[in-house]
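Content type TSV, C-alpha atoms and all ligand atoms, from the file query.tsv:
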chain	number	residue	atom	x	y	z
B	1	MET	CA	97.74	140.51	104.83
B	2	THR	CA	100.73	139.40	106.81
B	3	ASP	CA	101.22	136.54	109.20
B	4	LEU	CA	101.40	137.35	112.90
B	5	PHE	CA	104.69	135.49	113.22
B	6	THR	CA	107.11	133.46	111.16
B	7	LEU	CA	107.18	129.67	111.42
B	8	PRO	CA	110.42	127.70	111.13
B	9	PRO	CA	111.25	126.62	107.57
B	10	THR	CA	110.00	123.23	106.35
B	11	PRO	CA	112.44	120.58	107.61
B	12	SER	CA	114.41	118.83	104.89
B	13	VAL	CA	116.77	115.89	104.53
B	14	PRO	CA	120.07	115.62	102.59
B	15	VAL	CA	120.06	113.42	99.47
B	16	THR	CA	123.15	111.41	98.56
B	17	GLY	CA	124.87	112.55	95.38
B	18	SER	CA	122.88	115.80	95.20
B	19	ASP	CA	122.95	119.35	96.52
B	20	ALA	CA	119.14	119.37	96.58
B	21	ARG	CA	117.35	118.42	99.79
B	22	TYR	CA	114.13	116.49	100.36
B	23	PRO	CA	111.51	118.63	102.18
B	24	VAL	CA	109.30	116.76	104.63
B	25	ARG	CA	105.52	117.14	104.59
B	26	ARG	CA	104.23	114.24	106.70
B	27	ILE	CA	105.67	111.33	108.69
B	28	PHE	CA	103.83	108.00	108.77
B	29	CYS	CA	105.01	105.01	110.82
B	30	VAL	CA	104.07	101.32	110.89
B	31	GLY	CA	103.85	99.46	114.19
B	32	ARG	CA	104.63	95.76	114.77
B	33	ASN	CA	105.95	95.04	111.29
B	34	TYR	CA	108.48	92.39	112.33
B	35	ALA	CA	107.03	89.37	114.15
B	36	ALA	CA	109.97	88.97	116.57
B	37	HIS	CA	109.63	92.60	117.68
B	38	ALA	CA	105.86	92.33	118.20
B	39	LEU	CA	106.45	89.31	120.42
B	40	GLU	CA	109.23	90.96	122.48
B	41	LEU	CA	106.74	93.68	123.53
B	42	GLY	CA	104.06	91.10	124.27
B	43	ASN	CA	101.90	92.01	121.28
B	44	ALA	CA	100.12	89.67	118.91
B	45	VAL	CA	100.95	89.88	115.21
B	46	ASP	CA	98.00	91.43	113.37
B	47	ARG	CA	97.90	90.33	109.75
B	48	GLU	CA	94.59	92.02	108.90
B	49	ALA	CA	96.03	95.48	108.26
B	50	PRO	CA	99.13	97.54	109.07
B	51	ILE	CA	99.03	99.59	112.30
B	52	TRP	CA	99.59	103.25	111.41
B	53	PHE	CA	100.56	106.21	113.53
B	54	THR	CA	102.05	109.59	112.66
B	55	LYS	CA	104.67	112.04	113.82
B	56	ALA	CA	104.65	115.75	113.05
B	57	PRO	CA	107.42	117.08	110.78
B	58	ALA	CA	108.48	119.15	113.80
B	59	ALA	CA	109.68	115.85	115.33
B	60	LEU	CA	112.28	115.40	112.59
B	61	CYS	CA	115.93	115.20	113.70
B	62	LEU	CA	118.78	114.91	111.21
B	63	SER	CA	121.52	112.32	111.63
B	64	ASP	CA	124.79	113.09	113.41
B	65	GLY	CA	123.26	115.42	115.97
B	66	THR	CA	123.14	115.41	119.75
B	67	ILE	CA	119.72	115.62	121.40
B	68	PRO	CA	118.81	116.11	125.05
B	69	TYR	CA	117.40	112.99	126.71
B	70	PRO	CA	113.68	113.46	125.90
B	71	PRO	CA	111.44	115.04	128.54
B	72	GLY	CA	108.58	113.32	130.35
B	73	THR	CA	110.02	109.81	130.18
B	74	ALA	CA	112.24	107.46	132.18
B	75	ASP	CA	112.23	104.76	129.47
B	76	CYS	CA	113.00	106.20	126.04
B	77	HIS	CA	113.81	103.51	123.45
B	78	TYR	CA	115.52	103.37	120.08
B	79	GLU	CA	113.74	101.61	117.18
B	80	MET	CA	115.90	101.23	114.07
B	81	GLU	CA	113.86	101.40	110.83
B	82	LEU	CA	114.08	101.64	107.06
B	83	VAL	CA	112.44	104.86	105.87
B	84	ILE	CA	110.71	105.26	102.50
B	85	ALA	CA	110.66	108.75	100.97
B	86	ILE	CA	107.67	109.26	98.66
B	87	GLY	CA	108.44	111.23	95.50
B	88	ALA	CA	105.28	111.02	93.37
B	89	PRO	CA	101.57	111.39	94.17
B	90	GLY	CA	99.43	108.29	94.61
B	91	PHE	CA	95.91	107.49	95.77
B	92	ARG	CA	94.46	103.98	95.94
B	93	VAL	CA	97.49	102.45	94.26
B	94	GLU	CA	97.90	98.70	93.90
B	95	PRO	CA	100.99	97.00	95.34
B	96	ASP	CA	102.15	96.21	91.80
B	97	ASP	CA	102.12	99.96	91.04
B	98	ALA	CA	103.63	101.21	94.30
B	99	GLN	CA	107.30	101.32	93.33
B	100	ARG	CA	106.80	104.38	91.11
B	101	LEU	CA	105.87	106.43	94.19
B	102	ILE	CA	109.25	105.89	95.86
B	103	PHE	CA	111.85	108.65	95.62
B	104	GLY	CA	114.38	106.96	97.86
B	105	TYR	CA	115.29	105.25	101.13
B	106	ALA	CA	116.98	106.22	104.38
B	107	CYS	CA	117.96	104.85	107.77
B	108	GLY	CA	115.77	106.18	110.58
B	109	LEU	CA	115.16	105.93	114.30
B	110	ASP	CA	111.57	105.86	115.58
B	111	MET	CA	112.38	107.12	119.08
B	112	THR	CA	109.73	106.01	121.56
B	113	ARG	CA	108.84	107.09	125.10
B	114	ARG	CA	107.98	103.48	125.95
B	115	ASP	CA	106.60	104.21	129.42
B	116	LEU	CA	104.14	106.73	127.99
B	117	GLN	CA	103.23	104.42	125.10
B	118	ASN	CA	102.64	101.47	127.45
B	119	ALA	CA	100.48	103.56	129.79
B	120	ALA	CA	98.39	104.74	126.83
B	121	LYS	CA	98.07	101.19	125.44
B	122	ALA	CA	96.89	99.90	128.82
B	123	LYS	CA	94.07	102.43	128.87
B	124	GLY	CA	93.21	102.23	125.17
B	125	TYR	CA	94.37	105.83	124.70
B	126	PRO	CA	96.25	107.25	121.68
B	127	TRP	CA	100.02	106.74	121.44
B	128	ASP	CA	100.79	110.34	120.51
B	129	THR	CA	102.84	111.43	123.50
B	130	GLY	CA	104.78	108.17	123.42
B	131	LYS	CA	105.67	108.53	119.76
B	132	ASP	CA	105.33	112.11	118.49
B	133	PHE	CA	107.80	114.33	120.34
B	134	GLU	CA	110.68	116.68	119.56
B	135	ASN	CA	113.63	114.85	117.93
B	136	GLY	CA	111.56	111.66	117.90
B	137	ALA	CA	111.92	111.00	114.15
B	138	VAL	CA	115.63	110.71	113.37
B	139	ILE	CA	116.72	110.27	109.75
B	140	GLY	CA	119.93	109.81	107.76
B	141	ALA	CA	120.62	110.95	104.21
B	142	ILE	CA	118.19	109.70	101.55
B	143	THR	CA	119.57	107.43	98.81
B	144	PRO	CA	117.62	107.71	95.52
B	145	ALA	CA	115.68	104.58	94.62
B	146	ALA	CA	117.76	103.99	91.49
B	147	HIS	CA	120.72	103.18	93.78
B	148	PHE	CA	118.99	100.83	96.26
B	149	ALA	CA	116.60	97.90	95.93
B	150	ALA	CA	115.12	96.72	99.22
B	151	ALA	CA	115.35	92.93	99.41
B	152	GLY	CA	117.10	90.87	102.08
B	153	GLN	CA	119.52	93.53	103.34
B	154	ARG	CA	120.56	93.47	107.00
B	155	ILE	CA	119.10	96.18	109.25
B	156	ALA	CA	121.01	96.72	112.49
B	157	LEU	CA	121.53	99.07	115.42
B	158	ASP	CA	124.64	99.52	117.56
B	159	GLN	CA	124.48	101.21	120.96
B	160	ASN	CA	127.94	102.38	122.12
B	161	GLY	CA	129.46	99.87	119.70
B	162	ALA	CA	127.42	96.88	120.93
B	163	ARG	CA	124.95	95.33	118.51
B	164	ARG	CA	121.39	95.55	119.84
B	165	GLN	CA	119.19	95.01	116.78
B	166	ASP	CA	119.97	92.72	113.87
B	167	GLY	CA	117.31	91.77	111.33
B	168	VAL	CA	116.67	91.53	107.61
B	169	LEU	CA	114.30	93.70	105.60
B	170	SER	CA	112.65	90.62	104.09
B	171	ASP	CA	111.27	89.77	107.55
B	172	MET	CA	108.76	92.63	107.33
B	173	ILE	CA	105.18	91.41	107.81
B	174	TRP	CA	103.87	94.12	105.45
B	175	SER	CA	106.17	94.57	102.43
B	176	ILE	CA	107.08	98.01	101.15
B	177	PRO	CA	104.56	97.84	98.24
B	178	GLU	CA	101.85	96.58	100.61
B	179	GLN	CA	102.51	99.44	103.03
B	180	ILE	CA	102.30	102.07	100.29
B	181	ALA	CA	99.14	100.52	98.84
B	182	ASP	CA	97.43	100.37	102.23
B	183	LEU	CA	98.42	103.91	103.23
B	184	SER	CA	97.24	105.23	99.85
B	185	ARG	CA	93.73	103.99	100.66
B	186	LEU	CA	93.71	106.33	103.68
B	187	TYR	CA	95.64	109.36	102.40
B	188	HIS	CA	96.54	111.03	99.11
B	189	LEU	CA	100.25	110.26	99.24
B	190	ALA	CA	102.50	112.99	97.86
B	191	PRO	CA	106.14	114.05	97.61
B	192	GLY	CA	107.45	114.89	101.07
B	193	ASP	CA	105.72	111.98	102.79
B	194	LEU	CA	108.02	109.68	104.78
B	195	ILE	CA	107.12	106.15	105.89
B	196	TYR	CA	108.97	104.55	108.82
B	197	THR	CA	108.55	100.85	108.07
B	198	GLY	CA	108.83	99.25	111.52
B	199	THR	CA	111.62	97.88	113.68
B	200	PRO	CA	113.15	94.41	114.09
B	201	ALA	CA	113.59	92.82	117.51
B	202	GLY	CA	116.05	94.14	120.07
B	203	VAL	CA	114.62	97.54	120.99
B	204	GLY	CA	115.84	98.94	124.28
B	205	PRO	CA	116.39	101.99	126.47
B	206	ILE	CA	118.78	104.87	125.85
B	207	ALA	CA	120.73	106.87	128.42
B	208	PRO	CA	122.61	110.18	128.42
B	209	GLY	CA	126.02	109.68	126.82
B	210	ASP	CA	124.84	106.96	124.44
B	211	VAL	CA	125.94	106.91	120.82
B	212	LEU	CA	123.52	105.13	118.48
B	213	GLU	CA	124.39	104.00	114.96
B	214	GLY	CA	121.76	102.41	112.74
B	215	THR	CA	122.57	100.77	109.43
B	216	VAL	CA	120.88	99.19	106.45
B	217	GLU	CA	123.23	97.57	103.93
B	218	GLY	CA	123.54	99.93	100.96
B	219	LEU	CA	122.31	103.11	102.70
B	220	GLU	CA	123.95	105.93	104.63
B	221	PRO	CA	123.87	105.20	108.38
B	222	VAL	CA	121.87	107.18	110.92
B	223	ARG	CA	123.77	108.35	114.01
B	224	LEU	CA	122.55	110.01	117.18
B	225	THR	CA	124.19	111.07	120.43
B	226	ILE	CA	122.12	111.40	123.60
B	227	GLY	CA	122.92	114.32	125.86
B	228	ALA	CA	121.80	115.17	129.38
B	229	ALA	CA	118.14	115.79	130.08
B	230	GLN	CA	117.07	119.42	130.07
B	301	MN	MN	108.60	101.82	115.20
Written as C-alpha cells, that's how I'd like the structure from this file.
Amino acid sequence: MTDLFTLPPTPSVPVTGSDARYPVRRIFCVGRNYAAHALELGNAVDREAPIWFTKAPAALCLSDGTIPYPPGTADCHYEMELVIAIGAPGFRVEPDDAQRLIFGYACGLDMTRRDLQNAAKAKGYPWDTGKDFENGAVIGAITPAAHFAAAGQRIALDQNGARRQDGVLSDMIWSIPEQIADLSRLYHLAPGDLIYTGTPAGVGPIAPGDVLEGTVEGLEPVRLTIGAAQ
C-alpha cells in the first residue's frame, strides 16, 4: 500500500544548545489569561476554568521569517505569549505533578484575525477562522526547562521598536501548573504538544512592513516581519 500523495514533514522547532529539533504534534492555546487583556477586549474574567482553543500544526511559523499579511482580514492582531513545550506524557495530572511534563519554554505569537474572531463571538460561533490560520502560531527557539524557571519575568512585545505589550508572567490568571493539570483532564498530553499561555494587555493591529519582536526575560526572542498581502 502506498499513499496517494506525500504530506509535508512534521513541523519542528529549534532547541537552544542542541542540534535536535522539537517536532510539533498539537497546539493548544489559552484565552483571557491576563485580567488586563480580558478587560481591554471587553470580556469578563472567567475564573471557573481556562478557555481553550487549538491551532493546527500547519499554522506553525518559525521565528525570524516574513509572512504575507494574512488573508480574509482587515484587523490582524499580535498577541505575545509564553509557550510551554510538553516533553513527557500526562493524563489527569495534579498541579503539583505538572512540572515533570515540561520539556521547555519559548516565546510565541498567537496571531489573531480579530475581526473574524469578534464576528464569531457575536454570533456564538467557533473562533477557528479567527485563530487557526496559516502562519498564525509563531514560535521562537525552545529553551530547555533546566535553563528557565517561569516566575515574575517580564513579557513584552515591540512593534517597529515601540513597546506595545509589557506584562509579567506572574499576572497569569491560570498558572502554568494549573493550565497543564486542566488540559490533562481533557486530553492525553504527550511530547510534541505546545501550550500558548495567553497574552498580557496591549494587543493591537499589524500592517505590511511591520517588524514584531516579542521577548520573555531568559528566553530567545520571537521575531516576525509582515509582508504585503497576497
Ligand atoms: Mn492568545
Can you build me a table of chain B residues sitting at most 10 Å from ligand MN 301 (chain B), with the closest atom pair per residue and its distance in Å to one decimal, using all atoms listed in the file, sorted by chain and residue number, as JSON lines?
{"residue": "B:Cys29", "atom": "CA", "partner": "B:MN301", "partner_atom": "MN", "distance": 6.5}
{"residue": "B:Val30", "atom": "CA", "partner": "B:MN301", "partner_atom": "MN", "distance": 6.3}
{"residue": "B:Gly31", "atom": "CA", "partner": "B:MN301", "partner_atom": "MN", "distance": 5.4}
{"residue": "B:Arg32", "atom": "CA", "partner": "B:MN301", "partner_atom": "MN", "distance": 7.3}
{"residue": "B:Asn33", "atom": "CA", "partner": "B:MN301", "partner_atom": "MN", "distance": 8.3}
{"residue": "B:Tyr34", "atom": "CA", "partner": "B:MN301", "partner_atom": "MN", "distance": 9.9}
{"residue": "B:His37", "atom": "CA", "partner": "B:MN301", "partner_atom": "MN", "distance": 9.6}
{"residue": "B:Trp52", "atom": "CA", "partner": "B:MN301", "partner_atom": "MN", "distance": 9.9}
{"residue": "B:Phe53", "atom": "CA", "partner": "B:MN301", "partner_atom": "MN", "distance": 9.3}
{"residue": "B:His77", "atom": "CA", "partner": "B:MN301", "partner_atom": "MN", "distance": 9.9}
{"residue": "B:Tyr78", "atom": "CA", "partner": "B:MN301", "partner_atom": "MN", "distance": 8.6}
{"residue": "B:Glu79", "atom": "CA", "partner": "B:MN301", "partner_atom": "MN", "distance": 5.5}
{"residue": "B:Met80", "atom": "CA", "partner": "B:MN301", "partner_atom": "MN", "distance": 7.4}
{"residue": "B:Glu81", "atom": "CA", "partner": "B:MN301", "partner_atom": "MN", "distance": 6.9}
{"residue": "B:Leu82", "atom": "CA", "partner": "B:MN301", "partner_atom": "MN", "distance": 9.8}
{"residue": "B:Gly108", "atom": "CA", "partner": "B:MN301", "partner_atom": "MN", "distance": 9.6}
{"residue": "B:Leu109", "atom": "CA", "partner": "B:MN301", "partner_atom": "MN", "distance": 7.8}
{"residue": "B:Asp110", "atom": "CA", "partner": "B:MN301", "partner_atom": "MN", "distance": 5.0}
{"residue": "B:Met111", "atom": "CA", "partner": "B:MN301", "partner_atom": "MN", "distance": 7.6}
{"residue": "B:Thr112", "atom": "CA", "partner": "B:MN301", "partner_atom": "MN", "distance": 7.7}
{"residue": "B:Lys131", "atom": "CA", "partner": "B:MN301", "partner_atom": "MN", "distance": 8.6}
{"residue": "B:Ala137", "atom": "CA", "partner": "B:MN301", "partner_atom": "MN", "distance": 9.8}
{"residue": "B:Tyr196", "atom": "CA", "partner": "B:MN301", "partner_atom": "MN", "distance": 6.9}
{"residue": "B:Thr197", "atom": "CA", "partner": "B:MN301", "partner_atom": "MN", "distance": 7.2}
{"residue": "B:Gly198", "atom": "CA", "partner": "B:MN301", "partner_atom": "MN", "distance": 4.5}
{"residue": "B:Thr199", "atom": "CA", "partner": "B:MN301", "partner_atom": "MN", "distance": 5.2}
{"residue": "B:Pro200", "atom": "CA", "partner": "B:MN301", "partner_atom": "MN", "distance": 8.8}
{"residue": "B:Val203", "atom": "CA", "partner": "B:MN301", "partner_atom": "MN", "distance": 9.4}
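Nearest to B:Val211 of all the residues B:Gly130, B:Pro14, B:Gly161, B:Pro144 is B:Gly161, based on only C-alpha atoms.
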- Which one is closest to B:Ser170: B:Ala145, B:Ala106, B:Ala119, B:Ile155? Count all atoms listed in the file. B:Ile155
- Message: Please determine, counting only C-alpha atoms, which residue among B:Ala162, B:Ala181, B:Ala146, B:Leu189 has the shortest atom-to-atom distance to B:Gly87.
- Response: B:Leu189
- Message: What's around B:Glu220 at 10 Å? Count only C-alpha atoms, leave out sequence neighbours fewer than 3 positions away in its own chain, and write the answer as JSON, numbers by chain.
- Response: {"B": [15, 16, 63, 105, 106, 107, 139, 140, 141, 142, 143, 214, 215, 216, 217, 223]}
Produce the centre coordinates and the three edge lengths, each in Å to one decimal, of the box along x, y and z that contains all listed atoms of stretch 195-202 of chain B with 6 Å added on each side, as JSON.
{"center_x": 111.6, "center_y": 99.5, "center_z": 113.0, "size_x": 20.9, "size_y": 25.3, "size_z": 26.2}
- Query: With only C-alpha atoms as the atoms that count, which of B:Ile173, B:Gly202, B:Asp128, B:Arg21 lies nearest to B:Val45?
  - Reply: B:Ile173
- Message: Distance cut-off 9 Å, centre (116.7, 102.4, 127.7) in file coordinates, counting all atoms listed in the file: which residues qualify? Return them as number ranges by chain.
- Response: B: 74-78, 114, 203-207
- Query: In Å to one decimal, how far is atom CA of B:Ser184 from atom CA of B:Lys121?
  - Reply: 25.9 Å
- Message: Here is a test: counting all atoms listed in the file, which residue of B:Gln165, B:Pro70, B:Leu101, B:Pro89 is nearest to B:Leu116?
- Response: B:Pro70
- Got a sec: who's within 10 Å of B:Ala151, counting all atoms listed in the file, leaving out chain neighbours fewer than 5 positions off, as JSON, numbers by chain? {"B": [168, 169, 170, 171, 175, 176]}
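Counting from atom CA of B:Thr225, the distance to atom CA of B:Leu157 is 13.3 Å.
From atom CA of B:Phe28 back to atom CA of B:Asp96, the distance works out to 20.7 Å.
Around B:Ala88, within 7 Å and counting only C-alpha atoms, the residues found are Leu101, Ile102, Ala190 and Pro191 of chain B, once anything fewer than 5 positions away on its own chain is removed.
If you measure from each of B:Ile27, B:Leu183, B:Ala35, B:Val138 to B:Arg47 using all atoms listed in the file, the closest one turns out to be B:Ala35.
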- Task: Pull the neighbourhood of (110.6, 117.5, 121.3) for me: all residues within 7 Å in file coordinates, counting all atoms listed in the file, as a ChimeraX atom specification.
- Result: /B:59,70,133-136
- For B:Ala98, work out the shell of residues within 9 Å, counting only C-alpha atoms and skipping chain neighbours fewer than 5 positions away, then give it as a count of residues only. 8
